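Asks: My structure is stored as model36.pdb, with PDB, C-alpha atoms (C1' of nucleotides).
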ATOM      1  CA  MET A   1       0.000   0.000   0.000
ATOM      2  CA  LYS A   2       1.386   3.349  -1.058
ATOM      3  CA  LEU A   3       0.279   6.561   0.654
ATOM      4  CA  ALA A   4       1.386  10.121  -0.047
ATOM      5  CA  THR A   5       0.724  13.597   1.328
ATOM      6  CA  TRP A   6       1.109  16.838  -0.623
ATOM      7  CA  ASN A   7       0.337  20.456   0.198
ATOM      8  CA  VAL A   8      -0.573  21.670  -3.298
ATOM      9  CA  ASN A   9      -1.031  25.401  -2.535
ATOM     10  CA  SER A  10      -4.236  25.743  -4.614
ATOM     11  CA  LEU A  11      -5.699  22.703  -6.336
ATOM     12  CA  THR A  12      -7.180  25.017  -8.973
ATOM     13  CA  VAL A  13      -3.662  25.907 -10.110
ATOM     14  CA  ARG A  14      -2.098  22.500  -9.443
ATOM     15  CA  LEU A  15      -4.731  20.023 -10.733
ATOM     16  CA  SER A  16      -2.808  19.058 -13.864
ATOM     17  CA  GLN A  17       0.340  18.465 -11.789
ATOM     18  CA  VAL A  18      -1.635  16.341  -9.326
ATOM     19  CA  GLU A  19      -3.079  14.282 -12.194
ATOM     20  CA  GLU A  20       0.378  13.776 -13.704
ATOM     21  CA  TRP A  21       1.844  12.810 -10.353
ATOM     22  CA  ILE A  22      -0.942  10.293  -9.646
ATOM     23  CA  LYS A  23      -0.374   8.655 -13.050
ATOM     24  CA  LYS A  24       3.363   8.410 -12.450
ATOM     25  CA  ALA A  25       3.487   7.525  -8.738
ATOM     26  CA  LYS A  26       0.287   5.431  -8.627
ATOM     27  CA  PRO A  27      -0.444   5.923  -4.917
ATOM     28  CA  ASP A  28      -3.297   4.034  -3.273
ATOM     29  CA  LEU A  29      -3.979   7.101  -1.150
ATOM     30  CA  LEU A  30      -3.088  10.747  -1.736
ATOM     31  CA  LEU A  31      -3.832  13.329   0.945
ATOM     32  CA  LEU A  32      -3.950  16.962  -0.135
ATOM     33  CA  GLN A  33      -3.730  20.205   1.823
ATOM     34  CA  GLU A  34      -4.379  23.836   0.889
ATOM     35  CA  THR A  35      -6.837  23.074  -1.885
ATOM     36  CA  LYS A  36      -8.097  26.670  -1.440
ATOM     37  CA  GLN A  37     -11.465  25.950  -3.030
ATOM     38  CA  GLU A  38     -15.049  25.351  -2.013
ATOM     39  CA  ASN A  39     -16.424  21.793  -2.030
ATOM     40  CA  ILE A  40     -18.544  22.584  -5.086
ATOM     41  CA  LYS A  41     -15.354  23.284  -7.095
ATOM     42  CA  PHE A  42     -13.449  20.133  -6.141
ATOM     43  CA  PRO A  43     -12.619  18.129  -9.334
ATOM     44  CA  HIS A  44     -14.186  14.795  -8.307
ATOM     45  CA  GLU A  45     -14.783  13.884 -11.988
ATOM     46  CA  ALA A  46     -11.127  14.291 -12.958
ATOM     47  CA  ILE A  47     -10.092  12.188  -9.950
ATOM     48  CA  ASN A  48     -12.714   9.519 -10.716
ATOM     49  CA  ALA A  49     -11.449   9.382 -14.303
ATOM     50  CA  LEU A  50      -8.077   8.226 -12.927
ATOM     51  CA  GLY A  51      -9.784   5.425 -10.997
ATOM     52  CA  TYR A  52      -9.941   7.081  -7.586
ATOM     53  CA  LYS A  53     -12.595   8.129  -5.109
ATOM     54  CA  SER A  54     -12.303  11.489  -3.375
ATOM     55  CA  ILE A  55     -13.605  13.451  -0.426
ATOM     56  CA  HIS A  56     -12.980  17.111   0.307
ATOM     57  CA  ASN A  57     -13.412  19.483   3.239
ATOM     58  CA  GLY A  58     -12.762  22.877   1.713
ATOM     59  CA  GLN A  59     -13.492  26.577   1.773
ATOM     60  CA  LYS A  60     -12.939  29.635  -0.381
ATOM     61  CA  THR A  61      -9.394  31.122  -0.573
ATOM     62  CA  TYR A  62      -7.749  29.371   2.395
ATOM     63  CA  ASN A  63      -7.012  25.919   3.814
ATOM     64  CA  GLY A  64      -8.958  22.884   2.544
ATOM     65  CA  VAL A  65      -8.063  19.177   2.817
ATOM     66  CA  ALA A  66      -8.892  16.161   0.662
ATOM     67  CA  ILE A  67      -8.391  12.406   0.502
ATOM     68  CA  ILE A  68      -7.974  10.702  -2.879
ATOM     69  CA  SER A  69      -8.232   6.920  -2.611
ATOM     70  CA  LYS A  70      -8.275   3.637  -4.508
ATOM     71  CA  TYR A  71     -10.306   2.269  -1.592
ATOM     72  CA  GLU A  72     -13.843   3.059  -0.531
ATOM     73  CA  LEU A  73     -13.800   5.939   1.989
ATOM     74  CA  LEU A  74     -15.916   5.093   5.024
ATOM     75  CA  ASP A  75     -16.908   6.795   8.282
ATOM     76  CA  ILE A  76     -15.932  10.290   7.095
ATOM     77  CA  GLN A  77     -15.112  12.983   9.659
ATOM     78  CA  ASN A  78     -14.766  16.672   8.791
ATOM     79  CA  ASN A  79     -12.928  18.931  11.300
ATOM     80  CA  ILE A  80     -12.128  18.174  14.945
ATOM     81  CA  PRO A  81     -15.341  17.298  16.796
ATOM     82  CA  GLY A  82     -16.077  19.657  19.667
ATOM     83  CA  PHE A  83     -13.559  22.268  18.484
ATOM     84  CA  GLU A  84     -15.206  25.416  17.144
ATOM     85  CA  ASP A  85     -13.190  26.287  14.027
ATOM     86  CA  GLY A  86     -14.162  28.066  10.828
ATOM     87  CA  GLN A  87     -10.968  26.856   9.113
ATOM     88  CA  LYS A  88     -11.138  23.578   7.190
ATOM     89  CA  ARG A  89      -8.006  21.742   8.316
ATOM     90  CA  MET A  90      -8.908  18.109   8.933
ATOM     91  CA  ILE A  91     -10.617  15.252   7.167
ATOM     92  CA  ALA A  92     -10.570  11.581   8.166
ATOM     93  CA  ALA A  93     -11.926   8.339   6.742
ATOM     94  CA  THR A  94     -11.517   4.596   7.173
ATOM     95  CA  VAL A  95     -10.242   2.342   4.368
ATOM     96  CA  ASN A  96     -10.005  -1.435   4.004
ATOM     97  CA  THR A  97      -6.500  -2.247   2.741
ATOM     98  CA  ASN A  98      -4.504  -5.449   2.249
ATOM     99  CA  HIS A  99      -3.118  -4.652   5.722
ATOM    100  CA  GLY A 100      -6.601  -4.448   7.222
ATOM    101  CA  LYS A 101      -8.752  -1.549   8.243
ATOM    102  CA  ILE A 102      -6.856   1.748   8.627
ATOM    103  CA  ARG A 103      -8.096   5.130   9.829
ATOM    104  CA  ILE A 104      -6.653   7.801   7.536
ATOM    105  CA  VAL A 105      -6.343  11.330   8.963
ATOM    106  CA  CYS A 106      -5.389  14.261   6.722
ATOM    107  CA  VAL A 107      -4.274  17.441   8.508
ATOM    108  CA  TYR A 108      -3.309  20.967   7.615
ATOM    109  CA  VAL A 109      -1.931  22.283  10.911
ATOM    110  CA  PRO A 110      -2.057  26.091  11.266
ATOM    111  CA  ASN A 111       1.112  27.929  10.267
ATOM    112  CA  GLY A 112       1.332  30.123  13.364
ATOM    113  CA  GLN A 113       2.866  33.135  11.561
ATOM    114  CA  SER A 114       5.213  34.149  14.429
ATOM    115  CA  VAL A 115       5.624  33.038  18.036
ATOM    116  CA  ASP A 116       4.097  36.253  19.407
ATOM    117  CA  SER A 117       1.005  36.271  17.191
ATOM    118  CA  ASP A 118      -2.569  35.177  17.943
ATOM    119  CA  LYS A 119      -2.145  32.675  15.131
ATOM    120  CA  TYR A 120       0.621  30.940  17.092
ATOM    121  CA  PHE A 121      -1.727  30.403  20.034
ATOM    122  CA  TYR A 122      -4.436  29.221  17.655
ATOM    123  CA  LYS A 123      -1.900  26.706  16.300
ATOM    124  CA  LEU A 124      -1.093  25.385  19.788
ATOM    125  CA  ASP A 125      -4.785  25.283  20.678
ATOM    126  CA  TRP A 126      -5.609  23.466  17.432
ATOM    127  CA  LEU A 127      -2.897  20.884  18.136
ATOM    128  CA  LYS A 128      -4.137  20.397  21.692
ATOM    129  CA  HIS A 129      -7.690  19.681  20.559
ATOM    130  CA  PHE A 130      -6.488  17.516  17.682
ATOM    131  CA  THR A 131      -4.370  15.423  20.077
ATOM    132  CA  LEU A 132      -7.306  15.004  22.473
ATOM    133  CA  TRP A 133      -9.549  13.862  19.622
ATOM    134  CA  LEU A 134      -6.851  11.510  18.333
ATOM    135  CA  LYS A 135      -6.424   9.873  21.734
ATOM    136  CA  ASN A 136     -10.135   9.099  21.725
ATOM    137  CA  GLU A 137     -10.034   7.958  18.096
ATOM    138  CA  MET A 138      -7.378   5.372  19.001
ATOM    139  CA  LEU A 139      -9.870   3.601  21.257
ATOM    140  CA  SER A 140     -12.009   2.576  18.297
ATOM    141  CA  HIS A 141      -9.333   2.408  15.547
ATOM    142  CA  PRO A 142      -6.328   0.125  16.202
ATOM    143  CA  ASP A 143      -4.472   1.279  13.071
ATOM    144  CA  ILE A 144      -4.182   4.972  12.240
ATOM    145  CA  ILE A 145      -2.109   7.013   9.786
ATOM    146  CA  ILE A 146      -1.957  10.783  10.238
ATOM    147  CA  ALA A 147      -0.463  12.630   7.308
ATOM    148  CA  GLY A 148      -0.264  16.197   6.160
ATOM    149  CA  ASP A 149       1.363  19.568   6.543
ATOM    150  CA  PHE A 150       2.204  19.814  10.260
ATOM    151  CA  ASN A 151       4.034  23.130   9.911
ATOM    152  CA  ILE A 152       6.557  21.796  12.449
ATOM    153  CA  ALA A 153      10.159  20.737  11.804
ATOM    154  CA  PRO A 154      10.540  18.106  14.558
ATOM    155  CA  GLN A 155      14.328  18.302  14.979
ATOM    156  CA  ASP A 156      17.184  20.629  14.045
ATOM    157  CA  ILE A 157      18.205  18.333  11.157
ATOM    158  CA  ASP A 158      14.796  19.093   9.631
ATOM    159  CA  CYS A 159      15.754  22.767   9.229
ATOM    160  CA  HIS A 160      18.405  24.112   6.861
ATOM    161  CA  ASP A 161      19.651  26.710   9.368
ATOM    162  CA  PRO A 162      18.665  25.908  12.971
ATOM    163  CA  GLU A 163      20.684  28.835  14.347
ATOM    164  CA  ALA A 164      18.900  31.420  12.185
ATOM    165  CA  TRP A 165      15.509  29.824  12.871
ATOM    166  CA  LYS A 166      16.018  29.374  16.628
ATOM    167  CA  ASN A 167      12.790  30.106  18.570
ATOM    168  CA  ASN A 168      11.034  30.853  15.275
ATOM    169  CA  VAL A 169       7.670  29.527  14.226
ATOM    170  CA  LEU A 170       7.911  25.943  12.785
ATOM    171  CA  VAL A 171      10.781  25.034  15.141
ATOM    172  CA  SER A 172       9.874  26.607  18.500
ATOM    173  CA  LYS A 173       9.968  24.520  21.687
ATOM    174  CA  ARG A 174       6.206  24.620  22.276
ATOM    175  CA  GLU A 175       5.441  23.465  18.725
ATOM    176  CA  ARG A 176       7.951  20.631  18.974
ATOM    177  CA  GLU A 177       6.481  19.635  22.339
ATOM    178  CA  ALA A 178       3.004  19.561  20.773
ATOM    179  CA  PHE A 179       4.345  17.349  17.968
ATOM    180  CA  GLN A 180       6.024  15.078  20.531
ATOM    181  CA  LYS A 181       2.707  14.713  22.404
ATOM    182  CA  ILE A 182       1.207  13.154  19.285
ATOM    183  CA  ILE A 183       4.238  10.854  18.942
ATOM    184  CA  ASP A 184       3.901   9.914  22.625
ATOM    185  CA  LEU A 185       0.375   8.602  22.009
ATOM    186  CA  GLY A 186       2.126   5.786  20.120
ATOM    187  CA  PHE A 187       3.014   7.148  16.685
ATOM    188  CA  SER A 188       6.197   7.220  14.631
ATOM    189  CA  ASP A 189       7.463   9.857  12.214
ATOM    190  CA  SER A 190       7.810   7.330   9.386
ATOM    191  CA  PHE A 191      10.308   9.262   7.248
ATOM    192  CA  ARG A 192      12.650   9.705  10.209
ATOM    193  CA  ALA A 193      12.132   6.108  11.360
ATOM    194  CA  MET A 194      13.142   4.790   7.942
ATOM    195  CA  ASN A 195      15.898   7.372   7.333
ATOM    196  CA  PRO A 196      17.399   8.152  10.763
ATOM    197  CA  SER A 197      20.032  10.663   9.685
ATOM    198  CA  GLU A 198      18.899  11.694   6.183
ATOM    199  CA  ILE A 199      18.761  15.462   5.621
ATOM    200  CA  GLN A 200      15.783  16.081   3.349
ATOM    201  CA  TYR A 201      13.132  18.754   3.175
ATOM    202  CA  SER A 202       9.498  18.882   2.031
ATOM    203  CA  TRP A 203       9.088  22.666   1.706
ATOM    204  CA  TRP A 204      11.223  25.486   0.269
ATOM    205  CA  ASP A 205      10.366  29.193   0.260
ATOM    206  CA  TYR A 206       9.454  30.613  -3.151
ATOM    207  CA  ARG A 207      11.643  33.601  -2.347
ATOM    208  CA  MET A 208      15.416  33.892  -2.425
ATOM    209  CA  ALA A 209      15.801  30.911  -4.769
ATOM    210  CA  GLY A 210      15.037  28.735  -1.748
ATOM    211  CA  PHE A 211      14.745  25.500  -3.692
ATOM    212  CA  ARG A 212      17.854  25.985  -5.813
ATOM    213  CA  ARG A 213      19.879  26.766  -2.685
ATOM    214  CA  ASN A 214      18.128  23.968  -0.746
ATOM    215  CA  LEU A 215      16.996  26.339   2.027
ATOM    216  CA  GLY A 216      14.213  24.022   3.119
ATOM    217  CA  MET A 217      12.364  22.497   6.031
ATOM    218  CA  ARG A 218      10.862  19.050   6.645
ATOM    219  CA  ILE A 219       7.397  19.999   7.868
ATOM    220  CA  ASP A 220       5.153  17.525   6.001
ATOM    221  CA  HIS A 221       4.881  14.197   7.791
ATOM    222  CA  ILE A 222       3.317  10.756   7.735
ATOM    223  CA  LEU A 223       2.808   9.343  11.220
ATOM    224  CA  THR A 224       1.817   5.718  11.749
ATOM    225  CA  ASN A 225       1.028   3.832  14.912
ATOM    226  CA  LYS A 226       3.510   1.242  16.254
ATOM    227  CA  ASN A 227       1.871  -1.774  14.624
ATOM    228  CA  LEU A 228       2.042  -0.158  11.184
ATOM    229  CA  ILE A 229       5.566   1.275  11.465
ATOM    230  CA  ASN A 230       6.887  -2.291  11.610
ATOM    231  CA  LYS A 231       5.254  -2.916   8.232
ATOM    232  CA  VAL A 232       6.549   0.236   6.519
ATOM    233  CA  THR A 233       9.040  -0.767   3.799
ATOM    234  CA  MET A 234      10.076   2.720   2.654
ATOM    235  CA  SER A 235       9.498   6.424   3.187
ATOM    236  CA  ALA A 236      10.739   9.086   0.796
ATOM    237  CA  ILE A 237      10.308  12.673  -0.341
ATOM    238  CA  ASP A 238       9.742  13.131  -4.078
ATOM    239  CA  LYS A 239      11.450  16.386  -5.067
ATOM    240  CA  GLU A 240      10.495  16.118  -8.758
ATOM    241  CA  PRO A 241       7.222  18.118  -8.589
ATOM    242  CA  ARG A 242       9.077  20.991  -6.886
ATOM    243  CA  LYS A 243      11.272  21.271 -10.015
ATOM    244  CA  SER A 244       8.353  21.717 -12.399
ATOM    245  CA  GLU A 245       6.996  24.919 -13.914
ATOM    246  CA  ARG A 246       4.821  26.845 -11.450
ATOM    247  CA  PRO A 247       5.280  24.359  -8.590
ATOM    248  CA  SER A 248       3.720  24.184  -5.155
ATOM    249  CA  ASP A 249       6.217  25.266  -2.495
ATOM    250  CA  HIS A 250       5.726  21.806  -0.905
ATOM    251  CA  THR A 251       6.547  18.447  -2.464
ATOM    252  CA  PRO A 252       5.034  14.965  -1.865
ATOM    253  CA  VAL A 253       6.073  12.713   1.015
ATOM    254  CA  ILE A 254       5.491   8.973   0.492
ATOM    255  CA  ILE A 255       5.344   5.719   2.435
ATOM    256  CA  GLU A 256       4.916   2.133   1.329
ATOM    257  CA  ILE A 257       3.487  -0.468   3.665
TER     258      ILE A 257
ATOM    259  C1'  DA B 258      16.602  37.126   6.247
ATOM    260  C1'  DT B 259      12.021  40.242   8.179
ATOM    261  C1'  DG B 260      12.399  41.473   1.550
ATOM    262  C1'  DG B 261      12.643  39.270  -2.319
ATOM    263  C1'  DC B 262       7.403  34.918  -4.306
ATOM    264  C1'  DG B 263       2.824  32.924  -5.150
ATOM    265  C1'  DT B 264      -2.287  32.535  -4.682
ATOM    266  C1'  DG B 265      -6.850  34.419  -4.168
ATOM    267  C1'  DG B 266     -10.207  37.999  -3.466
ATOM    268  C1'  DT B 267     -11.213  42.233  -4.792
ATOM    269  C1'  DA B 268     -11.299  46.284  -7.389
ATOM    270  C1'  DG B 269      -7.288  49.105  -2.594
ATOM    271  C1'  DC B 270      -3.338  46.372  -2.942
ATOM    272  C1'  DC B 271      -4.182  43.361   1.004
ATOM    273  C1'  DA B 272      -4.284  38.703   3.713
ATOM    274  C1'  DC B 273      -1.754  34.830   4.216
ATOM    275  C1'  DG B 274       1.668  31.397   3.754
ATOM    276  C1'  DA B 275       6.309  29.257   6.279
TER     277       DA B 275
END
Kindly return the structure encoded in the file as C-alpha cells.

Replies:
Amino acid sequence: MKLATWNVNSLTVRLSQVEEWIKKAKPDLLLLQETKQENIKFPHEAINALGYKSIHNGQKTYNGVAIISKYELLDIQNNIPGFEDGQKRMIAATVNTNHGKIRIVCVYVPNGQSVDSDKYFYKLDWLKHFTLWLKNEMLSHPDIIIAGDFNIAPQDIDCHDPEAWKNNVLVSKREREAFQKIIDLGFSDSFRAMNPSEIQYSWWDYRMAGFRRNLGMRIDHILTNKNLINKVTMSAIDKEPRKSERPSDHTPVIIEI
DNA sequence: ATGGCGTGGTAGCCACGA
C-alpha cells in the first residue's frame, strides 16, 4: 500500500500536476492540503477518471483538505469534533487495505505566523484539541495514519539553518512539544524512522531561490502507529514536482506499507 | 533574512503562507 501527502497550494492551479503525479506515482492514497477551493469546485470527476474516489473538506481562498483513494472511503469525519473552528483543516476516513482496516487522517496544521502572534496560540490550541480527539479515536481504531502539513520541523536536522531559525515559528519549543505529544500517544514519524540521519526537506520558500539553494524544512509528515511502522518498507520525499513549472512550495512525502 | 514569491479575493493592494 502506497500513501502520499502533498500540500498543493491551490488545487485550482495545481490540478494538472496532481493528475500527472498520480499517473506516475500510482499511490493508493493521496492526501492533499491547501486546496483553497469550495467543495462545489473540487474536481471529483477528474479524480474519478483516474480510478480514484475522493472526499474534500474545503473553503474559499484558504485551507482545505482532501483524501484521494483507490479504496472506498468510510466513516468520514470533517474537522475536529467539539472544536469550534471556521478553518477547514482536517478530514478523516476509514479504508479497508490489504493490511486491514486503517483510519486515515489528513491534517493541515495552522502555520502560526510568528511566536508572538494570535495565530501561534491558535496553532497550539488546534494541536491540543487535535491530540485530544486523536487519543479518543485510538480507542475505536487500532491502526491509524496521520499525514499532512504539520508546519513543524521536529528536529534541528529538519531545518536548513537551525541557528537562524532558533525560537522561530515551525521550530519553537512549544510546537515541537506539541508534535512530541502526538508521537507519545504511540506514533512514529515514518520518514525519520526509515531514514534516521537523512537530511531532506518537504518545503522550500518561493523567495530567495530557496529550492535551488536547498533552504528548506521538513514539515510535512506521515505518522503511523507502532503496529504499522513495523510494516513500513520505505518512506521518501519526491522532489520532482518541486522542479516543475509553477510548482507548489511543498513536495510529496510517500510511504509504502 | 524580516524582503525578495505565489495565490486568491477584490477592485485598494491586502491577507496569508512558512

Asks: Which residues fall under the PyMOL selection byres ((chain A) within 8 of (chain B)) in this file, as a list in words?

Replies: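 Answer for the PyMOL selection byres ((chain A) within 8 of (chain B)): Asn9, Ser10, Thr61, Asn111, Gln113, Asn151, Leu170, Asp205, Tyr206, Arg207 and Met208 of chain A.
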
Asks: Written as a CSV table (one decimal) with C-alpha atoms, keeping the file's coordinate frame, what is the full residue list that the PyMOL selection byres ((chain A and resi 147) around 9) yields on the file shown?

Replies:
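See out25.csv below for the written result:
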chain,number,residue,atom,x,y,z
A,4,ALA,CA,1.4,10.1,0.0
A,5,THR,CA,0.7,13.6,1.3
A,31,LEU,CA,-3.8,13.3,0.9
A,104,ILE,CA,-6.7,7.8,7.5
A,105,VAL,CA,-6.3,11.3,9.0
A,106,CYS,CA,-5.4,14.3,6.7
A,107,VAL,CA,-4.3,17.4,8.5
A,108,TYR,CA,-3.3,21.0,7.6
A,145,ILE,CA,-2.1,7.0,9.8
A,146,ILE,CA,-2.0,10.8,10.2
A,148,GLY,CA,-0.3,16.2,6.2
A,149,ASP,CA,1.4,19.6,6.5
A,150,PHE,CA,2.2,19.8,10.3
A,220,ASP,CA,5.2,17.5,6.0
A,221,HIS,CA,4.9,14.2,7.8
A,222,ILE,CA,3.3,10.8,7.7
A,223,LEU,CA,2.8,9.3,11.2
A,224,THR,CA,1.8,5.7,11.7

Asks: What is the distance, in Å and to one decimal place, between CA of Leu132 (chain A) and CA of Ile152 (chain A)?

Replies: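 Separation between CA of Leu132 (chain A) and CA of Ile152 (chain A): 18.4 Å.
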
Asks: Using the chain letters and numbers from the file, give me the residues hit by the PyMOL selection byres ((chain A and resi 63) around 12), as a PDB file with C-alpha atoms (C1' of nucleotides), in the frame of the given file.

Replies:
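Just written: part_13.pdb:
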ATOM      1  CA  ASN A   7       0.337  20.456   0.198  1.00  0.00           C
ATOM      2  CA  VAL A   8      -0.573  21.670  -3.298  1.00  0.00           C
ATOM      3  CA  ASN A   9      -1.031  25.401  -2.535  1.00  0.00           C
ATOM      4  CA  SER A  10      -4.236  25.743  -4.614  1.00  0.00           C
ATOM      5  CA  LEU A  11      -5.699  22.703  -6.336  1.00  0.00           C
ATOM      6  CA  LEU A  32      -3.950  16.962  -0.135  1.00  0.00           C
ATOM      7  CA  GLN A  33      -3.730  20.205   1.823  1.00  0.00           C
ATOM      8  CA  GLU A  34      -4.379  23.836   0.889  1.00  0.00           C
ATOM      9  CA  THR A  35      -6.837  23.074  -1.885  1.00  0.00           C
ATOM     10  CA  LYS A  36      -8.097  26.670  -1.440  1.00  0.00           C
ATOM     11  CA  GLN A  37     -11.465  25.950  -3.030  1.00  0.00           C
ATOM     12  CA  GLU A  38     -15.049  25.351  -2.013  1.00  0.00           C
ATOM     13  CA  ASN A  39     -16.424  21.793  -2.030  1.00  0.00           C
ATOM     14  CA  HIS A  56     -12.980  17.111   0.307  1.00  0.00           C
ATOM     15  CA  ASN A  57     -13.412  19.483   3.239  1.00  0.00           C
ATOM     16  CA  GLY A  58     -12.762  22.877   1.713  1.00  0.00           C
ATOM     17  CA  GLN A  59     -13.492  26.577   1.773  1.00  0.00           C
ATOM     18  CA  LYS A  60     -12.939  29.635  -0.381  1.00  0.00           C
ATOM     19  CA  THR A  61      -9.394  31.122  -0.573  1.00  0.00           C
ATOM     20  CA  TYR A  62      -7.749  29.371   2.395  1.00  0.00           C
ATOM     21  CA  GLY A  64      -8.958  22.884   2.544  1.00  0.00           C
ATOM     22  CA  VAL A  65      -8.063  19.177   2.817  1.00  0.00           C
ATOM     23  CA  ALA A  66      -8.892  16.161   0.662  1.00  0.00           C
ATOM     24  CA  ASN A  79     -12.928  18.931  11.300  1.00  0.00           C
ATOM     25  CA  ASP A  85     -13.190  26.287  14.027  1.00  0.00           C
ATOM     26  CA  GLY A  86     -14.162  28.066  10.828  1.00  0.00           C
ATOM     27  CA  GLN A  87     -10.968  26.856   9.113  1.00  0.00           C
ATOM     28  CA  LYS A  88     -11.138  23.578   7.190  1.00  0.00           C
ATOM     29  CA  ARG A  89      -8.006  21.742   8.316  1.00  0.00           C
ATOM     30  CA  MET A  90      -8.908  18.109   8.933  1.00  0.00           C
ATOM     31  CA  ILE A  91     -10.617  15.252   7.167  1.00  0.00           C
ATOM     32  CA  VAL A 107      -4.274  17.441   8.508  1.00  0.00           C
ATOM     33  CA  TYR A 108      -3.309  20.967   7.615  1.00  0.00           C
ATOM     34  CA  VAL A 109      -1.931  22.283  10.911  1.00  0.00           C
ATOM     35  CA  PRO A 110      -2.057  26.091  11.266  1.00  0.00           C
ATOM     36  CA  ASN A 111       1.112  27.929  10.267  1.00  0.00           C
ATOM     37  CA  ASP A 149       1.363  19.568   6.543  1.00  0.00           C
TER      38      ASP A 149
ATOM     39  C1'  DT B 264      -2.287  32.535  -4.682  1.00  0.00           C
ATOM     40  C1'  DG B 265      -6.850  34.419  -4.168  1.00  0.00           C
ATOM     41  C1'  DC B 273      -1.754  34.830   4.216  1.00  0.00           C
ATOM     42  C1'  DG B 274       1.668  31.397   3.754  1.00  0.00           C
TER      43       DG B 274
END

Asks: Kindly provide, as lines of an AutoDock Vina configuration file, the centre and edge lengths (Å, one decimal) of an axis-aligned box around all atoms of region 264-275 of chain B given in the file, with 6 Å on each side.

Replies:
center_x = -2.5
center_y = 39.2
center_z = -0.6
size_x = 29.6
size_y = 31.8
size_z = 25.7

Asks: CA of Gly112 (chain A) and CA of Ile237 (chain A), how far apart in Å?

Replies: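 These atoms are spaced 23.9 Å apart.
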
Asks: At what distance in Å, to one decimal, does CA of Val115 (chain A) lie from CA of Asn168 (chain A)?

Replies: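 Interatomic distance here is 6.5 Å.
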
Asks: Is there a way to get, as a ChimeraX atom specification, all residues within 12 Å of the point (20.0, 22.6, 12.4) in file coordinates, counting all atoms listed in the file?

Replies: /A:153-166,171,199-200,215-218

Asks: Could you check which residues have any atom within 7 Å of (-6.6, -4.9, 13.1), counting all atoms listed in the file with coordinates taken straight from the file, and then list them as number ranges by chain?

Replies: A: 100-101, 142-143

Asks: Can you write out the residues you just picked, keeping C-alpha atoms, as a PDB file, keeping the file's coordinate frame?

Replies:
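Below is the file that was written, selection.pdb:
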ATOM      1  CA  GLY A 100      -6.601  -4.448   7.222  1.00  0.00           C
ATOM      2  CA  LYS A 101      -8.752  -1.549   8.243  1.00  0.00           C
ATOM      3  CA  PRO A 142      -6.328   0.125  16.202  1.00  0.00           C
ATOM      4  CA  ASP A 143      -4.472   1.279  13.071  1.00  0.00           C
TER       5      ASP A 143
END
